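S.K.: Quick one, run_33.pdb (PDB, C-alpha atoms, pLDDT in the B column):
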```
ATOM      1  CA  MET A  26     -67.310  64.997  87.181  1.00 37.00           C
ATOM      2  CA  THR A  27     -65.223  62.828  89.495  1.00 40.00           C
ATOM      3  CA  VAL A  28     -66.756  61.886  92.834  1.00 40.00           C
ATOM      4  CA  PRO A  29     -64.260  62.344  95.689  1.00 41.00           C
ATOM      5  CA  SER A  30     -62.915  59.082  97.040  1.00 43.00           C
ATOM      6  CA  GLN A  31     -63.874  60.174 100.548  1.00 46.00           C
ATOM      7  CA  LEU A  32     -67.535  59.822  99.574  1.00 40.00           C
ATOM      8  CA  ASP A  33     -66.880  56.300  98.357  1.00 45.00           C
ATOM      9  CA  ASP A  34     -65.502  55.494 101.798  1.00 45.00           C
ATOM     10  CA  VAL A  35     -68.551  56.957 103.511  1.00 41.00           C
ATOM     11  CA  PHE A  36     -71.016  54.939 101.446  1.00 44.00           C
ATOM     12  CA  SER A  37     -69.039  51.688 101.474  1.00 50.00           C
ATOM     13  CA  ALA A  38     -68.790  51.728 105.258  1.00 56.00           C
ATOM     14  CA  SER A  39     -72.089  53.428 106.063  1.00 91.00           C
ATOM     15  CA  LEU A  40     -73.063  50.835 108.685  1.00 97.00           C
ATOM     16  CA  THR A  41     -69.701  50.436 110.371  1.00 96.00           C
ATOM     17  CA  GLY A  42     -70.175  49.805 114.084  1.00 95.00           C
ATOM     18  CA  ARG A  43     -73.800  48.750 113.709  1.00 97.00           C
ATOM     19  CA  ARG A  44     -75.005  45.328 114.864  1.00 98.00           C
ATOM     20  CA  ALA A  45     -77.838  43.624 112.957  1.00 98.00           C
ATOM     21  CA  LEU A  46     -79.982  40.512 113.130  1.00 98.00           C
ATOM     22  CA  VAL A  47     -81.638  39.189 109.971  1.00 98.00           C
ATOM     23  CA  THR A  48     -84.181  36.393 110.348  1.00 98.00           C
ATOM     24  CA  GLY A  49     -84.267  33.822 107.562  1.00 98.00           C
ATOM     25  CA  GLY A  50     -80.929  34.985 106.232  1.00 97.00           C
ATOM     26  CA  SER A  51     -79.292  31.917 104.727  1.00 97.00           C
ATOM     27  CA  ARG A  52     -80.707  32.089 101.201  1.00 96.00           C
ATOM     28  CA  GLY A  53     -82.670  34.168  98.718  1.00 96.00           C
ATOM     29  CA  ILE A  54     -83.643  37.681  99.760  1.00 98.00           C
ATOM     30  CA  GLY A  55     -82.342  37.108 103.290  1.00 98.00           C
ATOM     31  CA  ALA A  56     -78.870  36.141 102.089  1.00 98.00           C
ATOM     32  CA  GLY A  57     -78.803  39.201  99.855  1.00 98.00           C
ATOM     33  CA  ILE A  58     -79.631  41.392 102.859  1.00 98.00           C
ATOM     34  CA  VAL A  59     -76.965  39.741 105.000  1.00 98.00           C
ATOM     35  CA  ARG A  60     -74.334  40.266 102.291  1.00 98.00           C
ATOM     36  CA  ARG A  61     -75.266  43.916 101.766  1.00 98.00           C
ATOM     37  CA  LEU A  62     -75.367  44.857 105.448  1.00 98.00           C
ATOM     38  CA  ALA A  63     -72.017  43.136 106.010  1.00 98.00           C
ATOM     39  CA  ALA A  64     -70.514  44.855 102.956  1.00 97.00           C
ATOM     40  CA  ASP A  65     -71.648  48.183 104.411  1.00 97.00           C
ATOM     41  CA  GLY A  66     -69.724  47.437 107.602  1.00 97.00           C
ATOM     42  CA  ALA A  67     -72.332  45.954 109.941  1.00 98.00           C
ATOM     43  CA  ALA A  68     -71.787  42.884 112.085  1.00 98.00           C
ATOM     44  CA  VAL A  69     -74.634  40.593 111.051  1.00 98.00           C
ATOM     45  CA  ALA A  70     -76.218  37.662 112.838  1.00 98.00           C
ATOM     46  CA  PHE A  71     -78.734  35.708 110.802  1.00 98.00           C
ATOM     47  CA  THR A  72     -81.086  32.833 111.486  1.00 98.00           C
ATOM     48  CA  TYR A  73     -81.848  29.770 109.449  1.00 98.00           C
ATOM     49  CA  ARG A  74     -84.349  26.958 110.010  1.00 96.00           C
ATOM     50  CA  GLU A  75     -82.634  24.245 107.994  1.00 92.00           C
ATOM     51  CA  GLY A  76     -79.867  24.079 105.424  1.00 89.00           C
ATOM     52  CA  LYS A  77     -76.976  24.345 107.854  1.00 95.00           C
ATOM     53  CA  GLY A  78     -74.469  24.003 105.034  1.00 97.00           C
ATOM     54  CA  ALA A  79     -75.736  27.061 103.176  1.00 97.00           C
ATOM     55  CA  ALA A  80     -75.808  29.103 106.386  1.00 98.00           C
ATOM     56  CA  GLU A  81     -72.275  28.154 107.343  1.00 98.00           C
ATOM     57  CA  SER A  82     -71.080  28.838 103.804  1.00 98.00           C
ATOM     58  CA  LEU A  83     -72.537  32.361 103.896  1.00 98.00           C
ATOM     59  CA  GLU A  84     -71.001  32.998 107.306  1.00 98.00           C
ATOM     60  CA  GLN A  85     -67.601  31.853 106.016  1.00 98.00           C
ATOM     61  CA  GLU A  86     -67.945  33.933 102.855  1.00 98.00           C
ATOM     62  CA  ILE A  87     -68.410  37.091 104.888  1.00 98.00           C
ATOM     63  CA  THR A  88     -65.809  36.413 107.567  1.00 97.00           C
ATOM     64  CA  SER A  89     -63.173  35.409 105.017  1.00 97.00           C
ATOM     65  CA  SER A  90     -63.711  38.783 103.337  1.00 95.00           C
ATOM     66  CA  GLY A  91     -63.023  40.592 106.603  1.00 96.00           C
ATOM     67  CA  GLY A  92     -66.621  41.035 107.698  1.00 97.00           C
ATOM     68  CA  HIS A  93     -68.465  39.864 110.781  1.00 98.00           C
ATOM     69  CA  ALA A  94     -71.282  37.321 110.509  1.00 98.00           C
ATOM     70  CA  TRP A  95     -72.822  34.638 112.666  1.00 98.00           C
ATOM     71  CA  ALA A  96     -75.319  31.980 111.617  1.00 98.00           C
ATOM     72  CA  VAL A  97     -77.709  30.733 114.288  1.00 98.00           C
ATOM     73  CA  GLN A  98     -80.290  27.974 113.871  1.00 98.00           C
ATOM     74  CA  ALA A  99     -83.773  29.151 114.844  1.00 98.00           C
ATOM     75  CA  ASP A 100     -87.226  28.206 113.617  1.00 98.00           C
ATOM     76  CA  SER A 101     -89.281  31.402 113.399  1.00 98.00           C
ATOM     77  CA  ALA A 102     -92.409  29.380 114.186  1.00 98.00           C
ATOM     78  CA  ASP A 103     -90.965  28.829 117.687  1.00 98.00           C
ATOM     79  CA  PRO A 104     -91.165  31.978 119.850  1.00 98.00           C
ATOM     80  CA  ALA A 105     -88.528  30.653 122.253  1.00 98.00           C
ATOM     81  CA  ALA A 106     -86.104  30.127 119.368  1.00 98.00           C
ATOM     82  CA  VAL A 107     -86.704  33.659 118.100  1.00 98.00           C
ATOM     83  CA  ARG A 108     -86.051  35.130 121.543  1.00 98.00           C
ATOM     84  CA  ALA A 109     -82.917  33.012 121.896  1.00 98.00           C
ATOM     85  CA  ALA A 110     -81.625  34.242 118.529  1.00 98.00           C
ATOM     86  CA  VAL A 111     -82.040  37.871 119.575  1.00 98.00           C
ATOM     87  CA  LYS A 112     -80.331  37.171 122.892  1.00 98.00           C
ATOM     88  CA  GLY A 113     -77.527  35.319 121.135  1.00 98.00           C
ATOM     89  CA  ALA A 114     -76.940  38.136 118.639  1.00 98.00           C
ATOM     90  CA  VAL A 115     -76.724  40.699 121.431  1.00 98.00           C
ATOM     91  CA  GLU A 116     -74.276  38.552 123.357  1.00 98.00           C
ATOM     92  CA  ARG A 117     -72.208  37.736 120.271  1.00 98.00           C
ATOM     93  CA  PHE A 118     -71.772  41.321 119.085  1.00 98.00           C
ATOM     94  CA  GLY A 119     -72.328  43.276 122.289  1.00 98.00           C
ATOM     95  CA  GLY A 120     -75.521  45.008 121.250  1.00 98.00           C
ATOM     96  CA  LEU A 121     -78.124  45.450 118.531  1.00 98.00           C
ATOM     97  CA  GLU A 122     -79.156  48.405 116.380  1.00 98.00           C
ATOM     98  CA  VAL A 123     -80.884  46.837 113.380  1.00 98.00           C
ATOM     99  CA  LEU A 124     -83.556  44.126 113.273  1.00 98.00           C
ATOM    100  CA  VAL A 125     -84.572  42.815 109.851  1.00 99.00           C
ATOM    101  CA  ASN A 126     -87.593  40.508 109.910  1.00 98.00           C
ATOM    102  CA  ASN A 127     -87.187  38.564 106.701  1.00 98.00           C
ATOM    103  CA  ALA A 128     -88.195  34.967 107.534  1.00 98.00           C
ATOM    104  CA  GLY A 129     -91.409  34.000 105.826  1.00 97.00           C
ATOM    105  CA  VAL A 130     -93.368  31.092 104.406  1.00 97.00           C
ATOM    106  CA  SER A 131     -96.112  30.744 101.813  1.00 96.00           C
ATOM    107  CA  HIS A 132     -98.802  28.326 100.748  1.00 96.00           C
ATOM    108  CA  MET A 133    -101.193  28.678  97.836  1.00 95.00           C
ATOM    109  CA  ALA A 134    -104.643  27.120  97.728  1.00 97.00           C
ATOM    110  CA  PRO A 135    -108.254  28.135  97.082  1.00 96.00           C
ATOM    111  CA  VAL A 136    -109.839  29.458 100.235  1.00 96.00           C
ATOM    112  CA  GLU A 137    -112.270  26.531 100.573  1.00 97.00           C
ATOM    113  CA  GLU A 138    -109.346  24.085 100.403  1.00 97.00           C
ATOM    114  CA  PHE A 139    -106.867  25.978 102.552  1.00 97.00           C
ATOM    115  CA  PRO A 140    -105.741  23.758 105.479  1.00 98.00           C
ATOM    116  CA  LEU A 141    -106.036  25.365 108.892  1.00 98.00           C
ATOM    117  CA  ASP A 142    -102.636  24.052 109.904  1.00 98.00           C
ATOM    118  CA  GLU A 143    -101.125  25.953 106.960  1.00 98.00           C
ATOM    119  CA  PHE A 144    -103.103  29.046 107.961  1.00 98.00           C
ATOM    120  CA  ASP A 145    -101.603  28.810 111.448  1.00 98.00           C
ATOM    121  CA  ARG A 146     -98.094  28.235 110.062  1.00 98.00           C
ATOM    122  CA  LEU A 147     -98.248  31.334 107.862  1.00 98.00           C
ATOM    123  CA  VAL A 148     -99.537  33.492 110.699  1.00 98.00           C
ATOM    124  CA  ASP A 149     -96.972  32.085 113.137  1.00 98.00           C
ATOM    125  CA  VAL A 150     -93.963  32.705 110.894  1.00 98.00           C
ATOM    126  CA  ASN A 151     -95.035  35.749 108.889  1.00 98.00           C
ATOM    127  CA  VAL A 152     -96.687  37.738 111.687  1.00 98.00           C
ATOM    128  CA  ARG A 153     -96.213  36.371 115.190  1.00 98.00           C
ATOM    129  CA  ALA A 154     -92.473  35.859 114.751  1.00 98.00           C
ATOM    130  CA  ILE A 155     -92.061  39.531 113.863  1.00 98.00           C
ATOM    131  CA  PHE A 156     -93.942  40.600 116.978  1.00 98.00           C
ATOM    132  CA  VAL A 157     -91.865  38.245 119.132  1.00 98.00           C
ATOM    133  CA  ALA A 158     -88.590  39.455 117.607  1.00 98.00           C
ATOM    134  CA  VAL A 159     -89.548  43.090 118.133  1.00 98.00           C
ATOM    135  CA  GLN A 160     -90.464  42.417 121.762  1.00 98.00           C
ATOM    136  CA  ALA A 161     -87.149  40.672 122.347  1.00 98.00           C
ATOM    137  CA  ALA A 162     -85.086  43.305 120.521  1.00 98.00           C
ATOM    138  CA  LEU A 163     -86.619  46.449 122.016  1.00 98.00           C
ATOM    139  CA  PRO A 164     -84.682  46.380 125.307  1.00 98.00           C
ATOM    140  CA  HIS A 165     -81.506  46.577 123.224  1.00 98.00           C
ATOM    141  CA  LEU A 166     -82.560  49.153 120.611  1.00 98.00           C
ATOM    142  CA  GLY A 167     -81.796  52.744 121.513  1.00 97.00           C
ATOM    143  CA  ALA A 168     -82.203  56.003 119.609  1.00 97.00           C
ATOM    144  CA  GLY A 169     -81.230  55.373 115.998  1.00 97.00           C
ATOM    145  CA  GLY A 170     -82.524  51.803 116.141  1.00 98.00           C
ATOM    146  CA  ARG A 171     -84.051  50.328 113.023  1.00 98.00           C
ATOM    147  CA  ILE A 172     -86.789  47.717 112.597  1.00 98.00           C
ATOM    148  CA  ILE A 173     -87.290  46.660 108.973  1.00 99.00           C
ATOM    149  CA  SER A 174     -89.744  43.941 107.969  1.00 98.00           C
ATOM    150  CA  ILE A 175     -90.049  42.262 104.591  1.00 98.00           C
ATOM    151  CA  GLY A 176     -93.641  42.313 103.414  1.00 98.00           C
ATOM    152  CA  SER A 177     -95.004  41.897  99.890  1.00 97.00           C
ATOM    153  CA  VAL A 178     -96.821  43.906  97.244  1.00 97.00           C
ATOM    154  CA  LEU A 179     -99.453  41.187  97.547  1.00 96.00           C
ATOM    155  CA  ALA A 180    -100.546  43.020 100.692  1.00 97.00           C
ATOM    156  CA  ASP A 181    -101.978  45.670  98.358  1.00 94.00           C
ATOM    157  CA  ARG A 182    -102.641  43.819  95.109  1.00 90.00           C
ATOM    158  CA  ALA A 183    -104.340  40.549  94.209  1.00 88.00           C
ATOM    159  CA  PRO A 184    -103.236  39.657  90.646  1.00 88.00           C
ATOM    160  CA  VAL A 185    -103.616  35.899  91.104  1.00 87.00           C
ATOM    161  CA  THR A 186    -105.845  33.531  93.058  1.00 92.00           C
ATOM    162  CA  GLY A 187    -104.886  31.254  95.923  1.00 95.00           C
ATOM    163  CA  VAL A 188    -102.774  33.747  97.892  1.00 95.00           C
ATOM    164  CA  SER A 189    -105.454  35.137 100.208  1.00 97.00           C
ATOM    165  CA  VAL A 190    -103.850  33.956 103.459  1.00 98.00           C
ATOM    166  CA  TYR A 191    -100.347  34.959 102.381  1.00 97.00           C
ATOM    167  CA  SER A 192    -101.695  38.409 101.432  1.00 97.00           C
ATOM    168  CA  LEU A 193    -103.454  38.609 104.792  1.00 98.00           C
ATOM    169  CA  THR A 194    -100.199  38.027 106.645  1.00 98.00           C
ATOM    170  CA  LYS A 195     -98.283  40.587 104.596  1.00 98.00           C
ATOM    171  CA  ALA A 196    -101.006  43.182 105.098  1.00 98.00           C
ATOM    172  CA  ALA A 197    -100.700  42.490 108.821  1.00 98.00           C
ATOM    173  CA  VAL A 198     -96.960  43.139 108.619  1.00 98.00           C
ATOM    174  CA  ALA A 199     -97.555  46.557 107.070  1.00 98.00           C
ATOM    175  CA  GLY A 200    -100.216  47.440 109.636  1.00 98.00           C
ATOM    176  CA  LEU A 201     -98.044  46.331 112.526  1.00 98.00           C
ATOM    177  CA  SER A 202     -95.125  48.378 111.226  1.00 98.00           C
ATOM    178  CA  ARG A 203     -97.211  51.538 110.884  1.00 98.00           C
ATOM    179  CA  SER A 204     -98.525  51.289 114.427  1.00 98.00           C
ATOM    180  CA  LEU A 205     -95.103  50.446 115.849  1.00 98.00           C
ATOM    181  CA  ALA A 206     -93.645  53.439 114.023  1.00 98.00           C
ATOM    182  CA  ARG A 207     -96.051  55.698 115.931  1.00 98.00           C
ATOM    183  CA  GLU A 208     -95.343  53.958 119.234  1.00 98.00           C
ATOM    184  CA  LEU A 209     -91.559  53.825 118.934  1.00 98.00           C
ATOM    185  CA  GLY A 210     -90.934  57.136 117.175  1.00 98.00           C
ATOM    186  CA  PRO A 211     -90.519  59.061 120.451  1.00 98.00           C
ATOM    187  CA  ARG A 212     -87.703  56.632 121.319  1.00 98.00           C
ATOM    188  CA  GLY A 213     -85.840  57.435 118.109  1.00 98.00           C
ATOM    189  CA  ILE A 214     -86.550  54.014 116.563  1.00 98.00           C
ATOM    190  CA  THR A 215     -87.842  53.813 113.007  1.00 98.00           C
ATOM    191  CA  VAL A 216     -90.064  50.992 111.753  1.00 98.00           C
ATOM    192  CA  ASN A 217     -90.597  50.321 108.061  1.00 98.00           C
ATOM    193  CA  THR A 218     -91.793  47.615 105.680  1.00 98.00           C
ATOM    194  CA  VAL A 219     -90.121  46.739 102.387  1.00 98.00           C
ATOM    195  CA  GLN A 220     -92.636  45.178  99.992  1.00 98.00           C
ATOM    196  CA  PRO A 221     -90.956  43.214  97.191  1.00 97.00           C
ATOM    197  CA  GLY A 222     -92.612  42.234  93.963  1.00 95.00           C
ATOM    198  CA  PRO A 223     -91.368  39.216  91.994  1.00 95.00           C
ATOM    199  CA  VAL A 224     -87.821  38.316  93.045  1.00 96.00           C
ATOM    200  CA  GLU A 225     -85.683  35.622  91.466  1.00 94.00           C
ATOM    201  CA  THR A 226     -84.831  33.008  94.091  1.00 90.00           C
ATOM    202  CA  ASP A 227     -84.475  29.236  94.181  1.00 83.00           C
ATOM    203  CA  LEU A 228     -88.140  28.972  95.127  1.00 77.00           C
ATOM    204  CA  ASN A 229     -89.277  31.582  92.597  1.00 83.00           C
ATOM    205  CA  PRO A 230     -87.070  31.305  89.492  1.00 85.00           C
ATOM    206  CA  ASP A 231     -87.495  33.786  86.667  1.00 86.00           C
ATOM    207  CA  SER A 232     -87.717  30.872  84.240  1.00 86.00           C
ATOM    208  CA  GLY A 233     -90.713  29.164  85.851  1.00 76.00           C
ATOM    209  CA  GLU A 234     -94.024  28.251  84.256  1.00 81.00           C
ATOM    210  CA  PHE A 235     -95.601  31.648  84.870  1.00 83.00           C
ATOM    211  CA  ALA A 236     -92.433  33.751  84.680  1.00 90.00           C
ATOM    212  CA  ASP A 237     -93.183  35.434  81.348  1.00 92.00           C
ATOM    213  CA  ALA A 238     -96.632  36.516  82.514  1.00 90.00           C
ATOM    214  CA  ILE A 239     -95.234  37.863  85.788  1.00 91.00           C
ATOM    215  CA  ARG A 240     -92.476  39.777  84.009  1.00 93.00           C
ATOM    216  CA  ALA A 241     -95.095  41.369  81.785  1.00 93.00           C
ATOM    217  CA  MET A 242     -96.872  42.693  84.903  1.00 93.00           C
ATOM    218  CA  THR A 243     -93.831  44.772  85.894  1.00 95.00           C
ATOM    219  CA  ALA A 244     -92.982  48.159  84.417  1.00 96.00           C
ATOM    220  CA  VAL A 245     -89.309  47.265  84.018  1.00 97.00           C
ATOM    221  CA  GLY A 246     -89.905  43.875  82.406  1.00 95.00           C
ATOM    222  CA  ARG A 247     -87.841  41.743  84.754  1.00 95.00           C
ATOM    223  CA  TYR A 248     -87.706  40.032  88.101  1.00 95.00           C
ATOM    224  CA  ALA A 249     -85.786  41.666  90.929  1.00 96.00           C
ATOM    225  CA  GLN A 250     -82.585  40.141  92.189  1.00 96.00           C
ATOM    226  CA  PRO A 251     -82.159  39.714  95.967  1.00 97.00           C
ATOM    227  CA  ARG A 252     -79.656  42.582  95.921  1.00 97.00           C
ATOM    228  CA  ASP A 253     -82.408  44.954  94.731  1.00 98.00           C
ATOM    229  CA  ILE A 254     -84.339  44.304  97.924  1.00 98.00           C
ATOM    230  CA  ALA A 255     -81.162  44.375 100.001  1.00 98.00           C
ATOM    231  CA  ASP A 256     -80.304  47.837  98.668  1.00 98.00           C
ATOM    232  CA  ALA A 257     -83.600  49.197  99.997  1.00 98.00           C
ATOM    233  CA  VAL A 258     -83.077  47.538 103.382  1.00 98.00           C
ATOM    234  CA  ALA A 259     -79.542  48.906 103.628  1.00 98.00           C
ATOM    235  CA  PHE A 260     -80.766  52.431 102.983  1.00 98.00           C
ATOM    236  CA  LEU A 261     -83.436  52.171 105.671  1.00 98.00           C
ATOM    237  CA  ALA A 262     -80.805  50.908 108.119  1.00 98.00           C
ATOM    238  CA  ARG A 263     -78.612  53.962 107.595  1.00 97.00           C
ATOM    239  CA  ALA A 264     -78.549  57.229 109.509  1.00 95.00           C
ATOM    240  CA  GLU A 265     -79.718  59.065 106.373  1.00 95.00           C
ATOM    241  CA  ALA A 266     -83.090  57.313 106.654  1.00 97.00           C
ATOM    242  CA  GLY A 267     -83.791  58.622 110.132  1.00 97.00           C
ATOM    243  CA  PHE A 268     -86.850  60.590 108.972  1.00 98.00           C
ATOM    244  CA  VAL A 269     -88.410  57.615 107.171  1.00 98.00           C
ATOM    245  CA  THR A 270     -90.756  55.638 109.393  1.00 98.00           C
ATOM    246  CA  GLY A 271     -94.105  53.916 109.064  1.00 98.00           C
ATOM    247  CA  ALA A 272     -93.518  53.486 105.331  1.00 98.00           C
ATOM    248  CA  SER A 273     -94.516  50.523 103.188  1.00 98.00           C
ATOM    249  CA  TRP A 274     -91.948  50.782 100.423  1.00 97.00           C
ATOM    250  CA  ASN A 275     -92.792  48.892  97.232  1.00 97.00           C
ATOM    251  CA  VAL A 276     -89.597  47.575  95.643  1.00 97.00           C
ATOM    252  CA  ASP A 277     -91.366  45.833  92.803  1.00 96.00           C
ATOM    253  CA  GLY A 278     -90.289  47.211  89.435  1.00 97.00           C
ATOM    254  CA  GLY A 279     -93.737  48.731  88.988  1.00 96.00           C
ATOM    255  CA  TYR A 280     -95.601  45.452  89.587  1.00 94.00           C
ATOM    256  CA  ALA A 281     -98.212  47.184  91.752  1.00 89.00           C
ATOM    257  CA  LEU A 282     -98.890  50.105  89.426  1.00 87.00           C
TER     258      LEU A 282
END
```
Mind converting the file's structure to structure tokens?
M.R.:
Amino acid sequence: MTVPSQLDDVFSASLTGRRALVTGGSRGIGAGIVRRLAADGAAVAFTYREGKGAAESLEQEITSSGGHAWAVQADSADPAAVRAAVKGAVERFGGLEVLVNNAGVSHMAPVEEFPLDEFDRLVDVNVRAIFVAVQAALPHLGAGGRIISIGSVLADRAPVTGVSVYSLTKAAVAGLSRSLARELGPRGITVNTVQPGPVETDLNPDSGEFADAIRAMTAVGRYAQPRDIADAVAFLARAEAGFVTGASWNVDGGYAL
């Protein structure tokens, strides 16, 4: 059976006219999300903390292909920088419909050795920055607005030691999203969490020391690619996902089974 070409047009341009901001979008999962949203027709602003070259390269990649992207330097640990990024995205594109909270940091250590400054850093970037971004974005999000935060299956599962604080922050993300979904639902804004399992990135290669053991924990026997997470985010950003809110969606290849 041949699928009509008109349907291809609908799906390839499903976010045309939408304006999005992705935090932490210059590499890894964030870059995959930026590419997918732009490919679906959205104008995408994205933040980066460092690595200006990679951010500018991604921006150029998208604009040279006919898309709309804008890289803006902002440290998610700095509330003023987060607010400025939201303000800049609105001014750059004339509005905002989609906020993707992707920026995150991690640190592994036994609980008795975990430095308090690292505890504060994880909470600041992984939790507080999301709250600040939501506060800044809400005046610009109308009915049909989307808030999507990247959590982790480690919010629900503890297969290894040393990740207690990281898991704490990702559980907080899921809890915040559920409560915001209830609060913002009457305004037509959906709020969801995407919870990846193991994803191949520069910081988490699928050829690392523990990669074989991690692969064996999944049902599909492989790491995700950033595009796998981006596909889920793109769906939640679309009009078709308007009845999905308050969800914590595991995109983990069966890692949390």
S.K.: Mind checking which residues fall within 12 Å of Arg203 in chain A, counting all atoms listed in the file, ignoring those fewer than 6 positions away in the same chain, and posting them as a list in words?
M.R.: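 Near Arg203 in chain A, the qualifying residues are Ile172, Ile173, Ser174, Ala196, Ala197, Leu209, Gly210, Thr215, Val216, Asn217, Thr218, Val269, Thr270, Gly271, Ala272, Ser273 and Trp274 of chain A.
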S.K.: Got a sec: who's within 9 Å of range 148-161 of chain A, counting only C-alpha atoms, leaving out chain neighbours fewer than 6 positions off, as a PyMOL selection string?
M.R.: chain A and resi 100-105+107-112+124+126-131+172+174+176+190-191+193-195+197-198+201
S.K.: For CA of Val219 in chain A and CA of Arg252 in chain A, quote the distance in Å rounded to one decimal.
M.R.: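 Straight-line distance from CA of Val219 in chain A to CA of Arg252 in chain A works out to 13.0 Å.
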S.K.: So the first atom is CA of Val123 in chain A and the second is CA of Val47 in chain A; what is the distance between them in Å, to one decimal place?
M.R.: 8.4 Å
S.K.: Let me know the residues the PyMOL selection byres ((chain A and resi 88) around 12) catches in the file above, as a PyMOL selection string.
M.R.: chain A and resi 59-60+63-64+66-70+81-87+89-96
S.K.: Expressed in Å to a single decimal, how great is the separation between CA of Thr72 in chain A and CA of Glu122 in chain A?
M.R.: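 Result for CA of Thr72 in chain A versus CA of Glu122 in chain A: 16.4 Å, one decimal.
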S.K.: Under the rule that all atoms listed in the file are counted, which of A:Gln98, A:Gly120, A:Gly200, A:Ala241 is the nearest residue to Leu166 in chain A?
M.R.: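 Comparing A:Gln98, A:Gly120, A:Gly200, A:Ala241 against Leu166 in chain A, the winner is A:Gly120.
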S.K.: If the PyMOL selection byres ((chain A and resi 253-262) around 6) is run on the structure shown, which residues does it catch, given as JSON, numbers by chain?
M.R.: {"A": [57, 58, 171, 250, 251, 252, 263, 266]}
S.K.: So which one's closest to Thr243 in chain A, A:Phe144, A:Tyr73, A:Phe118, A:Tyr280? Using all atoms listed in the file, please.
M.R.: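 Checking each of A:Phe144, A:Tyr73, A:Phe118, A:Tyr280 against Thr243 in chain A, counting all atoms listed in the file, the winner is A:Tyr280.
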S.K.: Using only C-alpha atoms, can you tell me which of A:Pro221, A:Gly187, A:Gly278, A:Gly267 comes closest to Pro135 in chain A?
M.R.: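 For Pro135 in chain A, the nearest of the candidates is A:Gly187.
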S.K.: Would you list the residues near (-92.9, 37.5, 84.2), meaning any protein, DNA or RNA residue with an atom at most 12 Å from that point in file coordinates, counting all atoms listed in the file, as a CSV table (one decimal) with C-alpha atoms, keeping the file's coordinate frame?
M.R.:
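So result.csv came out as:
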```
chain,number,residue,atom,x,y,z
A,222,GLY,CA,-92.6,42.2,94.0
A,223,PRO,CA,-91.4,39.2,92.0
A,224,VAL,CA,-87.8,38.3,93.0
A,225,GLU,CA,-85.7,35.6,91.5
A,229,ASN,CA,-89.3,31.6,92.6
A,230,PRO,CA,-87.1,31.3,89.5
A,231,ASP,CA,-87.5,33.8,86.7
A,232,SER,CA,-87.7,30.9,84.2
A,233,GLY,CA,-90.7,29.2,85.9
A,234,GLU,CA,-94.0,28.3,84.3
A,235,PHE,CA,-95.6,31.6,84.9
A,236,ALA,CA,-92.4,33.8,84.7
A,237,ASP,CA,-93.2,35.4,81.3
A,238,ALA,CA,-96.6,36.5,82.5
A,239,ILE,CA,-95.2,37.9,85.8
A,240,ARG,CA,-92.5,39.8,84.0
A,241,ALA,CA,-95.1,41.4,81.8
A,242,MET,CA,-96.9,42.7,84.9
A,243,THR,CA,-93.8,44.8,85.9
A,244,ALA,CA,-93.0,48.2,84.4
A,245,VAL,CA,-89.3,47.3,84.0
A,246,GLY,CA,-89.9,43.9,82.4
A,247,ARG,CA,-87.8,41.7,84.8
A,248,TYR,CA,-87.7,40.0,88.1
A,249,ALA,CA,-85.8,41.7,90.9
A,278,GLY,CA,-90.3,47.2,89.4
A,280,TYR,CA,-95.6,45.5,89.6
```
S.K.: Can you sort out the box for range 39-56 of chain A, edges along x, y and z, all listed atoms in, 8 Å on every side, with centre and edge lengths in Å to one decimal, as lines of an AutoDock Vina configuration file?
M.R.:
```
center_x = -77.0
center_y = 42.7
center_z = 106.8
size_x = 30.6
size_y = 37.5
size_z = 32.1
```
S.K.: Ala168 in chain A: which residues within 7 Å, counting all atoms listed in the file, same-chain residues fewer than 5 positions away excluded, as a list in words?
M.R.: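 Using all atoms listed in the file, the neighbours found are Arg212, Gly213 and Ile214 of chain A.
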S.K.: If we count all atoms listed in the file, what is near His132 in chain A at a cut-off of 8 Å, once residues fewer than 4 positions away on the same chain are taken out, given as a PyMOL selection string?
M.R.: chain A and resi 143+147+188+191
